[in-house]
Structures are given as structure tokens and as C-alpha cells.
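Everything on this sheet refers to the single structure shown next.
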Amino acid sequence: MCPAFLVELKSKSDPLKTLVAKMEEYRDNGTRLGWLLAPDGERAYIFRAGETGYQLVEGYDQELSGEDVLPGFSLNLRKLR
């Protein structure tokens with residue numbers, strides 16, 4: 001059983017490759033939308049059901065949308081700076 005939506009926060013000591021594999025596993029098991037946030041590089045990796053890979057968002061001067069998984073929800077990345 002997987003959540004429809006999840007957020008993973010990367011710490012400076014976490015290997016990105018490990019977290020990407022973890023997010024892909026969640027997606028493969030039913031998670032519809034996942035955000036991997038890497039504040040140290042101001043990057044967000046967006047994982048969506050039915051897609052391979054991820055969308056890379058660079059710079060925390062924007063908002064992420066909950067899309068159709070969480071309609072009306074957004075995260076202002078500026079607050080993570």
C-alpha cells in the first residue's frame with residue numbers, strides 16, 4: 001500500500017541516487033505524485049505515475065502544485081531557502 005502523494009526531503013548526507021531509486025519504487029508501487037526536495041541545491045524532482053524519470057525544477061523561486069492528486073494544494077519553495 002502506497003500513499004497517493006509523498007514528499008521526501010534530502011539532507012546533505014543523503015546520496016541523490018539512492019533517493020531517486022526510492023522515489024521510483026514508490027511510483028512503481030502506486031504513488032501518483034512525489035516530490036523529492038533538495039534544499040542544498042535548490043532543486044525539486046517531481047515524480048508522476050505513468051511517467052519514467054522525473055521533472056527537474058531548479059531554483060526555489062516558484063511553487064509546486066498538488067496537480068490532480070491534491071487539487072488546490074501548493075508548496076511555496078521560497079520558504080525553504
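Here, A, B, ... name the chains of the C-alpha cells in the order displayed, residue numbers run from 1 inside each chain, and ligands are numbered from 1 in the same displayed order.
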
Which residues of stretch 44-75 of chain A come within 7 Å of stretch 18-38 of chain A, and what is each one's closest atom pair and distance in Å (one decimal), counting only C-alpha atoms, sorted by chain and residue number, as JSON lines?
{"residue": "A:Ala44", "atom": "CA", "partner": "A:Leu37", "partner_atom": "CA", "distance": 4.6}
{"residue": "A:Tyr45", "atom": "CA", "partner": "A:Leu36", "partner_atom": "CA", "distance": 5.0}
{"residue": "A:Ile46", "atom": "CA", "partner": "A:Trp35", "partner_atom": "CA", "distance": 4.8}
{"residue": "A:Phe47", "atom": "CA", "partner": "A:Gly34", "partner_atom": "CA", "distance": 4.9}
{"residue": "A:Arg48", "atom": "CA", "partner": "A:Leu33", "partner_atom": "CA", "distance": 4.7}
{"residue": "A:Ala49", "atom": "CA", "partner": "A:Arg32", "partner_atom": "CA", "distance": 4.6}
{"residue": "A:Val69", "atom": "CA", "partner": "A:Leu33", "partner_atom": "CA", "distance": 6.9}

Output file for the selection above: C-alpha atoms, as a short mmCIF file (atom, residue, chain, number, x, y, z; two decimals), in the first residue's frame:
data_model
loop_
_atom_site.label_atom_id
_atom_site.label_comp_id
_atom_site.auth_asym_id
_atom_site.auth_seq_id
_atom_site.Cartn_x
_atom_site.Cartn_y
_atom_site.Cartn_z
CA ALA A 44 12.92 19.66 -6.74
CA TYR A 45 12.44 16.36 -8.52
CA ILE A 46 8.83 15.61 -9.46
CA PHE A 47 7.76 12.00 -10.00
CA ARG A 48 4.41 11.24 -11.63
CA ALA A 49 2.52 7.99 -12.15
CA VAL A 69 -3.73 14.42 -6.82
#

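The nearest approach to A:Asp68 among the residues A:Leu56, A:Leu9, A:Ala4, A:Leu80, with only C-alpha atoms taken into account, belongs to A:Ala4.
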
Residues within 12 Å of A:Asp40, only C-alpha atoms, excluding chain neighbours under 4 positions, as an NGL selection string: :A and (9-14 or 16 or 44 or 58-60 or 80-81)

Write a file of the just-selected residues containing N, CA and C atoms, as a compact mmCIF listing (two decimals), in the first residue's frame.
# COMPACT_ATOMS: atom_id res chain seq x y z
N LEU A 9 12.48 14.73 1.75
CA LEU A 9 13.40 15.85 1.93
C LEU A 9 14.82 15.31 2.01
N LYS A 10 15.66 15.72 1.07
CA LYS A 10 17.05 15.25 1.01
C LYS A 10 17.91 16.05 1.99
N SER A 11 18.66 15.34 2.81
CA SER A 11 19.63 16.01 3.67
C SER A 11 20.97 16.05 2.92
N LYS A 12 21.89 16.82 3.42
CA LYS A 12 23.19 16.96 2.75
C LYS A 12 23.94 15.63 2.67
N SER A 13 23.68 14.73 3.60
CA SER A 13 24.40 13.46 3.61
C SER A 13 23.71 12.36 2.80
N ASP A 14 22.50 12.60 2.32
CA ASP A 14 21.79 11.60 1.53
C ASP A 14 22.31 11.53 0.11
N LEU A 16 21.86 11.30 -3.65
CA LEU A 16 20.74 11.57 -4.55
C LEU A 16 20.30 10.30 -5.27
N ALA A 44 14.05 20.54 -7.03
CA ALA A 44 12.92 19.66 -6.74
C ALA A 44 12.79 18.68 -7.89
N GLU A 58 14.56 23.65 -11.04
CA GLU A 58 15.74 24.29 -10.46
C GLU A 58 15.40 25.69 -9.99
N GLY A 59 15.84 26.01 -8.79
CA GLY A 59 15.58 27.32 -8.20
C GLY A 59 14.32 27.29 -7.36
N TYR A 60 14.41 27.85 -6.19
CA TYR A 60 13.28 27.86 -5.26
C TYR A 60 12.55 29.19 -5.30
N LEU A 80 11.64 27.51 1.72
CA LEU A 80 12.68 26.52 2.03
C LEU A 80 14.09 27.08 1.93
N ARG A 81 14.20 28.29 1.50
CA ARG A 81 15.54 28.89 1.34
C ARG A 81 16.19 29.13 2.67

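All residues of protein, DNA or RNA that reach within 7 Å of A:Glu63, judged by only C-alpha atoms and not counting those fewer than 2 positions away in the chain, are A:Ser65, A:Ser74, A:Leu75, A:Asn76, A:Leu77.
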
Any chance you could export the current selection's C-alpha atoms as a PDB file, in the first residue's frame?
ATOM      1  CA  SER A  65       1.308  22.254  -7.440  1.00  0.00           C
ATOM      2  CA  SER A  74       0.689  24.134  -3.488  1.00  0.00           C
ATOM      3  CA  LEU A  75       4.070  24.463  -1.814  1.00  0.00           C
ATOM      4  CA  ASN A  76       5.884  27.776  -1.983  1.00  0.00           C
ATOM      5  CA  LEU A  77       9.520  26.726  -2.376  1.00  0.00           C
TER       6      LEU A  77
END

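You will find atom CA of A:Glu67 at 15.0 Å from atom CA of A:Tyr54.
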
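Taking atom CA of A:Gly53 and atom CA of A:Arg78 as the two end points, the separation is 24.7 Å.
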
Members of chain A assigned alpha helix (DSSP H) by DSSP, as an MDAnalysis selection string: chainID A and resid 16:28

Write out, as an mmCIF file, in the first residue's frame, the residues just selected, with C-alpha atoms.
data_model
loop_
_atom_site.group_PDB
_atom_site.id
_atom_site.type_symbol
_atom_site.label_atom_id
_atom_site.label_comp_id
_atom_site.auth_asym_id
_atom_site.auth_seq_id
_atom_site.Cartn_x
_atom_site.Cartn_y
_atom_site.Cartn_z
ATOM 1 C CA LEU A 16 20.743 11.566 -4.545
ATOM 2 C CA LYS A 17 20.926 8.302 -6.487
ATOM 3 C CA THR A 18 19.529 6.366 -3.513
ATOM 4 C CA LEU A 19 16.629 8.787 -3.032
ATOM 5 C CA VAL A 20 15.763 8.802 -6.747
ATOM 6 C CA ALA A 21 15.604 4.992 -6.684
ATOM 7 C CA LYS A 22 13.375 5.149 -3.602
ATOM 8 C CA MET A 23 11.019 7.648 -5.289
ATOM 9 C CA GLU A 24 10.870 5.493 -8.434
ATOM 10 C CA GLU A 25 9.980 2.479 -6.290
ATOM 11 C CA TYR A 26 7.131 4.414 -4.652
ATOM 12 C CA ARG A 27 5.871 5.488 -8.082
ATOM 13 C CA ASP A 28 6.109 1.937 -9.425
#

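Across the model, the gap from atom CA of A:Glu42 to atom CA of A:Gln55 is 13.9 Å.
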
DSSP strand (DSSP E) residues within stretch 5-80 of chain A, listed as a ChimeraX atom specification: /A:5-9,33-38,43-48,55-58,63-65,74-76

Which residue of A:Pro39, A:Met1, A:Val57, A:Gly50 approaches A:Lys79 most closely, using only C-alpha atoms: A:Pro39
